[in-house]
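Q: To be precise about what I am sending: the file is called target.cif and holds mmCIF, C-alpha atoms.
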```cif
data_query
loop_
_atom_site.group_PDB
_atom_site.id
_atom_site.type_symbol
_atom_site.label_atom_id
_atom_site.label_comp_id
_atom_site.auth_asym_id
_atom_site.auth_seq_id
_atom_site.Cartn_x
_atom_site.Cartn_y
_atom_site.Cartn_z
ATOM 1 C CA VAL A 22 -12.489 11.719 -26.569
ATOM 2 C CA THR A 23 -10.513 14.100 -24.398
ATOM 3 C CA TYR A 24 -9.239 13.015 -21.012
ATOM 4 C CA GLY A 25 -8.112 15.655 -18.578
ATOM 5 C CA SER A 26 -6.585 16.433 -15.230
ATOM 6 C CA PHE A 27 -6.412 19.802 -13.502
ATOM 7 C CA ASN A 28 -4.626 18.378 -10.446
ATOM 8 C CA HIS A 29 -1.449 19.849 -8.956
ATOM 9 C CA LEU A 30 1.651 18.807 -10.863
ATOM 10 C CA PRO A 31 3.383 16.949 -7.990
ATOM 11 C CA LYS A 32 0.408 14.555 -7.966
ATOM 12 C CA ILE A 33 1.147 13.560 -11.579
ATOM 13 C CA THR A 34 3.867 11.026 -10.810
ATOM 14 C CA GLN A 35 5.665 8.618 -13.113
ATOM 15 C CA ALA A 36 3.148 5.891 -12.162
ATOM 16 C CA VAL A 37 0.249 8.203 -13.058
ATOM 17 C CA VAL A 38 1.852 9.089 -16.404
ATOM 18 C CA GLU A 39 2.382 5.390 -17.183
ATOM 19 C CA LEU A 40 -1.242 4.495 -16.432
ATOM 20 C CA TRP A 41 -2.550 7.447 -18.428
ATOM 21 C CA ALA A 42 -0.278 6.411 -21.307
ATOM 22 C CA THR A 43 -1.794 2.910 -21.146
ATOM 23 C CA LEU A 44 -5.206 4.511 -21.487
ATOM 24 C CA LEU A 45 -4.078 6.737 -24.365
ATOM 25 C CA HIS A 46 -2.584 3.736 -26.177
ATOM 26 C CA ALA A 47 -5.932 1.951 -25.799
ATOM 27 C CA THR A 48 -7.776 4.952 -27.309
ATOM 28 C CA PRO A 49 -5.541 6.019 -30.220
ATOM 29 C CA ASN A 50 -7.609 9.068 -31.187
ATOM 30 C CA ALA A 51 -7.850 10.404 -27.629
ATOM 31 C CA ARG A 52 -6.054 13.421 -26.232
ATOM 32 C CA LEU A 53 -5.056 14.462 -22.720
ATOM 33 C CA VAL A 54 -5.543 18.000 -21.408
ATOM 34 C CA LEU A 55 -3.511 19.090 -18.382
ATOM 35 C CA LYS A 56 -4.098 22.326 -16.501
ATOM 36 C CA ASN A 57 -2.430 23.686 -13.403
ATOM 37 C CA ASN A 58 -0.419 26.744 -12.489
ATOM 38 C CA SER A 59 2.946 24.942 -12.565
ATOM 39 C CA LEU A 60 2.511 24.272 -16.277
ATOM 40 C CA SER A 61 3.203 27.927 -17.001
ATOM 41 C CA SER A 62 6.834 26.838 -16.744
ATOM 42 C CA ARG A 63 8.342 25.799 -20.083
ATOM 43 C CA TYR A 64 10.581 23.367 -18.172
ATOM 44 C CA ALA A 65 7.585 21.664 -16.567
ATOM 45 C CA ARG A 66 5.785 21.298 -19.906
ATOM 46 C CA GLU A 67 8.919 19.880 -21.577
ATOM 47 C CA ARG A 68 9.467 17.464 -18.692
ATOM 48 C CA TYR A 69 5.953 16.029 -18.955
ATOM 49 C CA LEU A 70 6.058 15.850 -22.736
ATOM 50 C CA LYS A 71 9.278 13.827 -22.385
ATOM 51 C CA LEU A 72 7.741 11.510 -19.760
ATOM 52 C CA PHE A 73 4.884 10.748 -22.137
ATOM 53 C CA ALA A 74 7.135 10.537 -25.212
ATOM 54 C CA ASP A 75 9.371 8.000 -23.435
ATOM 55 C CA ILE A 76 6.389 5.637 -23.300
ATOM 56 C CA GLY A 77 5.155 6.272 -26.800
ATOM 57 C CA VAL A 78 2.681 9.161 -26.446
ATOM 58 C CA GLY A 79 3.529 12.003 -28.809
ATOM 59 C CA PRO A 80 3.262 15.703 -27.951
ATOM 60 C CA GLU A 81 0.376 16.163 -30.393
ATOM 61 C CA ARG A 82 -1.808 14.189 -27.967
ATOM 62 C CA ILE A 83 -1.037 16.329 -24.914
ATOM 63 C CA GLU A 84 -2.451 19.831 -24.456
ATOM 64 C CA PHE A 85 -1.471 22.237 -21.683
ATOM 65 C CA LEU A 86 -3.998 24.880 -20.720
ATOM 66 C CA GLU A 87 -2.904 28.316 -19.610
ATOM 67 C CA ARG A 88 -3.635 29.722 -16.177
ATOM 68 C CA THR A 89 -7.020 31.432 -16.206
ATOM 69 C CA PRO A 90 -7.588 34.840 -14.617
ATOM 70 C CA THR A 91 -10.930 34.092 -12.928
ATOM 71 C CA LEU A 92 -12.731 31.196 -11.308
ATOM 72 C CA ALA A 93 -15.428 31.382 -13.985
ATOM 73 C CA ALA A 94 -12.796 31.035 -16.724
ATOM 74 C CA HIS A 95 -11.182 28.161 -14.831
ATOM 75 C CA LEU A 96 -14.489 26.302 -14.513
ATOM 76 C CA ASP A 97 -15.210 26.973 -18.179
ATOM 77 C CA SER A 98 -11.972 25.104 -18.997
ATOM 78 C CA TYR A 99 -13.753 21.882 -18.016
ATOM 79 C CA SER A 100 -15.731 22.206 -21.261
ATOM 80 C CA LYS A 101 -12.553 21.004 -23.014
ATOM 81 C CA VAL A 102 -12.602 17.696 -21.091
ATOM 82 C CA ASP A 103 -14.885 14.680 -21.596
ATOM 83 C CA ILE A 104 -13.531 12.473 -18.802
ATOM 84 C CA ALA A 105 -11.418 13.602 -15.860
ATOM 85 C CA LEU A 106 -8.654 11.309 -14.651
ATOM 86 C CA ASP A 107 -7.881 11.445 -10.955
ATOM 87 C CA THR A 108 -4.324 11.227 -9.688
ATOM 88 C CA PHE A 109 -3.067 8.563 -7.303
ATOM 89 C CA PRO A 110 -1.964 7.746 -4.695
ATOM 90 C CA TYR A 111 -2.815 11.362 -3.848
ATOM 91 C CA ASN A 112 -6.339 11.971 -5.166
ATOM 92 C CA GLY A 113 -7.785 15.307 -6.108
ATOM 93 C CA THR A 114 -10.329 17.002 -3.857
ATOM 94 C CA THR A 115 -11.244 20.444 -5.146
ATOM 95 C CA THR A 116 -10.509 19.431 -8.740
ATOM 96 C CA THR A 117 -12.759 16.383 -8.375
ATOM 97 C CA CYS A 118 -15.613 18.478 -7.003
ATOM 98 C CA GLU A 119 -15.133 21.096 -9.719
ATOM 99 C CA ALA A 120 -15.122 18.521 -12.505
ATOM 100 C CA LEU A 121 -18.235 16.772 -11.189
ATOM 101 C CA TYR A 122 -20.044 20.093 -10.746
ATOM 102 C CA MET A 123 -19.158 21.006 -14.325
ATOM 103 C CA GLY A 124 -20.597 17.694 -15.557
ATOM 104 C CA VAL A 125 -17.304 15.889 -16.135
ATOM 105 C CA PRO A 126 -17.142 12.329 -14.772
ATOM 106 C CA VAL A 127 -14.012 11.588 -12.725
ATOM 107 C CA VAL A 128 -12.425 8.135 -12.740
ATOM 108 C CA THR A 129 -10.500 7.535 -9.518
ATOM 109 C CA LEU A 130 -8.202 4.787 -8.264
ATOM 110 C CA THR A 131 -8.750 4.088 -4.592
ATOM 111 C CA GLY A 132 -5.999 3.158 -2.176
ATOM 112 C CA ASP A 133 -5.649 2.396 1.509
ATOM 113 C CA LEU A 134 -4.670 5.814 2.931
ATOM 114 C CA HIS A 135 -6.805 8.922 3.409
ATOM 115 C CA ALA A 136 -5.104 10.794 0.541
ATOM 116 C CA SER A 137 -5.853 7.906 -1.821
ATOM 117 C CA ARG A 138 -9.469 7.477 -0.728
ATOM 118 C CA VAL A 139 -10.722 11.040 -1.181
ATOM 119 C CA GLY A 140 -11.911 10.408 -4.733
ATOM 120 C CA ALA A 141 -13.819 7.302 -3.655
ATOM 121 C CA SER A 142 -15.325 9.195 -0.719
ATOM 122 C CA LEU A 143 -16.569 12.027 -2.940
ATOM 123 C CA LEU A 144 -17.937 9.667 -5.592
ATOM 124 C CA ASN A 145 -19.650 7.547 -2.927
ATOM 125 C CA GLN A 146 -21.353 10.657 -1.554
ATOM 126 C CA ILE A 147 -22.905 11.466 -4.932
ATOM 127 C CA GLY A 148 -23.781 7.857 -5.772
ATOM 128 C CA ALA A 149 -21.279 7.502 -8.648
ATOM 129 C CA THR A 150 -19.552 4.359 -7.394
ATOM 130 C CA GLU A 151 -19.219 3.052 -10.962
ATOM 131 C CA LEU A 152 -16.345 5.546 -11.379
ATOM 132 C CA ILE A 153 -14.303 4.107 -8.498
ATOM 133 C CA ALA A 154 -11.538 1.710 -9.546
ATOM 134 C CA GLU A 155 -9.899 -0.787 -7.208
ATOM 135 C CA THR A 156 -6.903 -1.632 -9.430
ATOM 136 C CA PRO A 157 -4.938 0.154 -12.163
ATOM 137 C CA GLN A 158 -6.490 -2.123 -14.801
ATOM 138 C CA ASP A 159 -9.956 -1.395 -13.429
ATOM 139 C CA TYR A 160 -9.150 2.338 -13.715
ATOM 140 C CA VAL A 161 -8.246 1.926 -17.385
ATOM 141 C CA ASN A 162 -11.331 -0.223 -18.014
ATOM 142 C CA LYS A 163 -13.697 2.293 -16.412
ATOM 143 C CA ALA A 164 -12.244 5.189 -18.392
ATOM 144 C CA LEU A 165 -12.353 3.137 -21.609
ATOM 145 C CA ARG A 166 -15.957 2.126 -21.012
ATOM 146 C CA LEU A 167 -16.947 5.785 -20.723
ATOM 147 C CA ALA A 168 -14.859 6.772 -23.736
ATOM 148 C CA GLN A 169 -16.359 4.046 -25.919
ATOM 149 C CA ASP A 170 -20.011 4.518 -24.910
ATOM 150 C CA HIS A 171 -20.756 7.959 -26.277
ATOM 151 C CA ASP A 172 -24.448 7.847 -25.320
ATOM 152 C CA GLU A 173 -23.634 6.883 -21.724
ATOM 153 C CA LEU A 174 -21.025 9.634 -21.526
ATOM 154 C CA ILE A 175 -23.587 12.197 -22.718
ATOM 155 C CA ARG A 176 -26.158 10.949 -20.177
ATOM 156 C CA THR A 177 -23.602 11.032 -17.371
ATOM 157 C CA ARG A 178 -22.457 14.528 -18.242
ATOM 158 C CA ALA A 179 -26.047 15.784 -18.442
ATOM 159 C CA THR A 180 -26.948 14.560 -14.943
ATOM 160 C CA LEU A 181 -23.771 15.036 -12.890
ATOM 161 C CA ARG A 182 -24.427 18.593 -11.720
ATOM 162 C CA ASP A 183 -27.857 17.675 -10.338
ATOM 163 C CA GLN A 184 -26.388 14.494 -8.890
ATOM 164 C CA ILE A 185 -23.748 16.415 -6.942
ATOM 165 C CA THR A 186 -25.946 19.334 -5.844
ATOM 166 C CA GLN A 187 -28.666 16.997 -4.534
ATOM 167 C CA SER A 188 -26.204 14.694 -2.735
ATOM 168 C CA PRO A 189 -25.037 14.661 0.892
ATOM 169 C CA LEU A 190 -21.816 16.228 -0.408
ATOM 170 C CA CYS A 191 -23.653 19.540 -0.852
ATOM 171 C CA ASP A 192 -25.934 19.225 2.178
ATOM 172 C CA GLY A 193 -24.148 21.496 4.638
ATOM 173 C CA LYS A 194 -27.067 21.615 7.059
ATOM 174 C CA GLY A 195 -27.429 17.825 7.127
ATOM 175 C CA PHE A 196 -23.681 17.442 7.669
ATOM 176 C CA ALA A 197 -23.749 19.902 10.573
ATOM 177 C CA VAL A 198 -26.609 17.974 12.212
ATOM 178 C CA GLN A 199 -24.701 14.681 11.868
ATOM 179 C CA LEU A 200 -21.492 16.251 13.184
ATOM 180 C CA GLU A 201 -23.270 17.765 16.182
ATOM 181 C CA SER A 202 -24.832 14.381 16.911
ATOM 182 C CA ALA A 203 -21.426 12.697 16.750
ATOM 183 C CA TYR A 204 -19.938 15.293 19.127
ATOM 184 C CA ARG A 205 -22.811 14.776 21.585
ATOM 185 C CA GLU A 206 -22.264 11.007 21.478
ATOM 186 C CA MET A 207 -18.504 11.408 22.055
ATOM 187 C CA TRP A 208 -19.128 13.792 24.968
ATOM 188 C CA LYS A 209 -21.678 11.396 26.458
ATOM 189 C CA ARG A 210 -19.208 8.495 26.265
ATOM 190 C CA TRP A 211 -16.400 10.573 27.771
ATOM 191 C CA CYS A 212 -18.644 11.644 30.645
ATOM 192 C CA GLN A 213 -19.590 8.015 31.272
ATOM 193 C CA THR A 214 -15.921 6.993 31.554
ATOM 194 C CA LYS A 215 -15.268 9.803 34.058
ATOM 195 C CA SER A 216 -18.229 8.877 36.263
ATOM 196 C CA ALA A 217 -17.318 5.169 36.411
#
```
Will you turn the file into structure tokens for me?

A:
Amino acid sequence: VTYGSFNHLPKITQAVVELWATLLHATPNARLVLKNNSLSSRYARERYLKLFADIGVGPERIEFLERTPTLAAHLDSYSKVDIALDTFPYNGTTTTCEALYMGVPVVTLTGDLHASRVGASLLNQIGATELIAETPQDYVNKALRLAQDHDELIRTRATLRDQITQSPLCDGKGFAVQLESAYREMWKRWCQTKSA
């Protein structure tokens, strides 16, 4: 199985590396693919290889993908990933949506601030709550469950694009109607306070 993250490098903290290493130790034949523009730097690649090596994950298990020239090529890079791993406490947003659209399930660890609840919000909107972890151990368990159940992983990957495109997440018109309704309600309440 190949885990992956295309999130911005500053989101891949020491705590993230340690949890991903725990997952890699639990799946000895697994690899991790990382892709983001900052990894074009040799220094950045060496730094992350050392972070993983310091906790027992060898460089042969980490792959860095080059920057791609087009959006289509970037999205095609998701074909190299079986399971996407979200960062924490700062979750991915665009990368999560891209992965899901490309049929790659995203395991996220939810927190108590907006930046650490984005993954849960997106997954809730598409009805994939089984991918939302509440604790680091739950995160590892959810990723392991997907990695070990090949048939389930295939089913999930085959249905994710339809799941996201048919969800409220992609219903711009429905969102606009709800937002307009909320604005009307706020205006109505404000007017009531001014007339009292």

Q: How big is the axis-aligned box around the listed atoms of segment 179-187 of chain A once 8 Å is added on each side, and where is its centre? Give both in Å to one decimal, as lines of an AutoDock Vina configuration file.

A:
```
center_x = -26.2
center_y = 16.9
center_z = -11.5
size_x = 20.9
size_y = 20.8
size_z = 29.9
```

Q: Using all atoms listed in the file, can you tell me which of A:Thr117, A:Tyr160, A:Ala105, A:Glu39 comes closest to Thr131 of chain A?

A: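 Looking at the shortest contact to Thr131 of chain A, the residue is A:Tyr160.
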
Q: Just checking: using only C-alpha atoms, which residue out of A:Pro157, A:Gly79, A:Ser100, A:Thr89 ends up closest to Leu44 of chain A?

A: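 Closest candidate: A:Pro157.
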
Q: Return as number ranges by chain the set of residues that the PyMOL selection byres ((chain A and resi 180-189) around 10) yields on the displayed structure.

A: A: 118-126, 143-149, 175-179, 190-196

Q: Find the residues around Lys163 of chain A up to 8 Å (only C-alpha atoms counted), leave out those fewer than 4 positions away in its own chain, and share them as a VMD selection string.

A: chain A and resid 128 151 to 152 154 159 167

Q: One decimal, Å: what's the distance from atom CA of Arg68 of chain A over to atom CA of Leu134 of chain A, could you say?

A: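 Distance reported for this atom pair: 28.3 Å.
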
Q: I'd like a table as a Markdown table: residues in segment 66-159 of chain A with an atom no more than 12 Å from segment 53-62 of chain A, each row giving the shortest atom pair and its distance in Å to one decimal, all atoms listed in the file counted, sorted by chain and rising residue number.

A:
```
| residue | atom | partner | partner_atom | distance |
| --- | --- | --- | --- | --- |
| A:Arg66 | CA | A:Leu60 | CA | 5.7 |
| A:Glu67 | CA | A:Ser62 | CA | 8.7 |
| A:Arg68 | CA | A:Ser62 | CA | 9.9 |
| A:Tyr69 | CA | A:Leu60 | CA | 9.3 |
| A:Leu70 | CA | A:Leu55 | CA | 11.0 |
| A:Phe73 | CA | A:Leu53 | CA | 10.6 |
| A:Val78 | CA | A:Leu53 | CA | 10.1 |
| A:Gly79 | CA | A:Leu53 | CA | 10.8 |
| A:Pro80 | CA | A:Leu53 | CA | 9.9 |
| A:Glu81 | CA | A:Leu53 | CA | 9.6 |
| A:Arg82 | CA | A:Leu53 | CA | 6.2 |
| A:Ile83 | CA | A:Leu53 | CA | 4.9 |
| A:Glu84 | CA | A:Val54 | CA | 4.7 |
| A:Phe85 | CA | A:Leu55 | CA | 5.0 |
| A:Leu86 | CA | A:Lys56 | CA | 4.9 |
| A:Glu87 | CA | A:Ser61 | CA | 6.7 |
| A:Arg88 | CA | A:Asn58 | CA | 5.7 |
| A:Thr89 | CA | A:Asn58 | CA | 8.9 |
| A:Pro90 | CA | A:Asn58 | CA | 11.0 |
| A:His95 | CA | A:Lys56 | CA | 9.3 |
| A:Leu96 | CA | A:Lys56 | CA | 11.3 |
| A:Ser98 | CA | A:Lys56 | CA | 8.7 |
| A:Tyr99 | CA | A:Val54 | CA | 9.7 |
| A:Ser100 | CA | A:Val54 | CA | 11.0 |
| A:Lys101 | CA | A:Val54 | CA | 7.8 |
| A:Val102 | CA | A:Val54 | CA | 7.1 |
| A:Asp103 | CA | A:Leu53 | CA | 9.9 |
| A:Ile104 | CA | A:Leu53 | CA | 9.5 |
| A:Ala105 | CA | A:Val54 | CA | 9.2 |
| A:Leu106 | CA | A:Leu53 | CA | 9.4 |
| A:Asp107 | CA | A:Leu55 | CA | 11.5 |
| A:Thr108 | CA | A:Leu55 | CA | 11.8 |
| A:Thr116 | CA | A:Asn57 | CA | 10.3 |
```

Q: Using Å and a single decimal, report how far atom CA of Leu130 of chain A sits from atom CA of Glu155 of chain A.

A: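 Between these atoms lies a distance of 5.9 Å.
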
Q: Could you state which residues are captured by the PyMOL selection byres ((chain A and resi 45) around 10) in this file, as a list in words?

A: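 Output from the PyMOL selection byres ((chain A and resi 45) around 10), applied to this file: Thr23, Tyr24, Glu39, Leu40, Trp41, Ala42, Thr43, Leu44, His46, Ala47, Thr48, Pro49, Asn50, Ala51, Arg52, Leu53, Gly77, Val78, Arg82, Val161 and Leu165 of chain A.
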
Q: Record the distance separating atom CA of Tyr111 of chain A and atom CA of Lys32 of chain A, expressed in Å with one decimal.

A: 6.1 Å

Q: Let me make sure I understand: among A:Thr114, A:Ala136, A:Val38, A:Ser202, which one has the smallest atom-to-atom distance to Lys71 of chain A if we use all atoms listed in the file?

A: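 Checking each of A:Thr114, A:Ala136, A:Val38, A:Ser202 against Lys71 of chain A, counting all atoms listed in the file, the winner is A:Val38.
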
Q: What would the file be for segment 119-145 of chain A if you keep C-alpha atoms and write it as a JSON list (two decimals), in the first residue's frame?

A:
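Just written: result-v9.json:
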```json
[["chain", "number", "residue", "atom", "x", "y", "z"],
["A", 119, "GLU", "CA", -8.34, 16.92, -4.80],
["A", 120, "ALA", "CA", -7.56, 13.53, -3.29],
["A", 121, "LEU", "CA", -11.24, 12.70, -2.72],
["A", 122, "TYR", "CA", -12.14, 13.82, -6.25],
["A", 123, "MET", "CA", -9.39, 11.59, -7.62],
["A", 124, "GLY", "CA", -10.78, 8.63, -5.66],
["A", 125, "VAL", "CA", -8.20, 8.60, -2.87],
["A", 126, "PRO", "CA", -9.63, 8.25, 0.65],
["A", 127, "VAL", "CA", -8.24, 10.78, 3.14],
["A", 128, "VAL", "CA", -7.76, 9.88, 6.80],
["A", 129, "THR", "CA", -7.93, 12.99, 8.98],
["A", 130, "LEU", "CA", -7.32, 13.70, 12.66],
["A", 131, "THR", "CA", -9.79, 16.22, 14.01],
["A", 132, "GLY", "CA", -8.95, 18.83, 16.61],
["A", 133, "ASP", "CA", -10.69, 21.67, 18.39],
["A", 134, "LEU", "CA", -9.75, 24.67, 16.20],
["A", 135, "HIS", "CA", -11.00, 25.60, 12.74],
["A", 136, "ALA", "CA", -7.69, 24.67, 11.06],
["A", 137, "SER", "CA", -7.84, 21.21, 12.63],
["A", 138, "ARG", "CA", -11.49, 20.59, 11.79],
["A", 139, "VAL", "CA", -11.43, 21.28, 8.05],
["A", 140, "GLY", "CA", -10.79, 17.64, 7.16],
["A", 141, "ALA", "CA", -13.68, 16.49, 9.35],
["A", 142, "SER", "CA", -15.93, 19.16, 7.85],
["A", 143, "LEU", "CA", -15.16, 18.08, 4.28],
["A", 144, "LEU", "CA", -15.54, 14.38, 5.06],
["A", 145, "ASN", "CA", -18.82, 15.03, 6.90]]
```
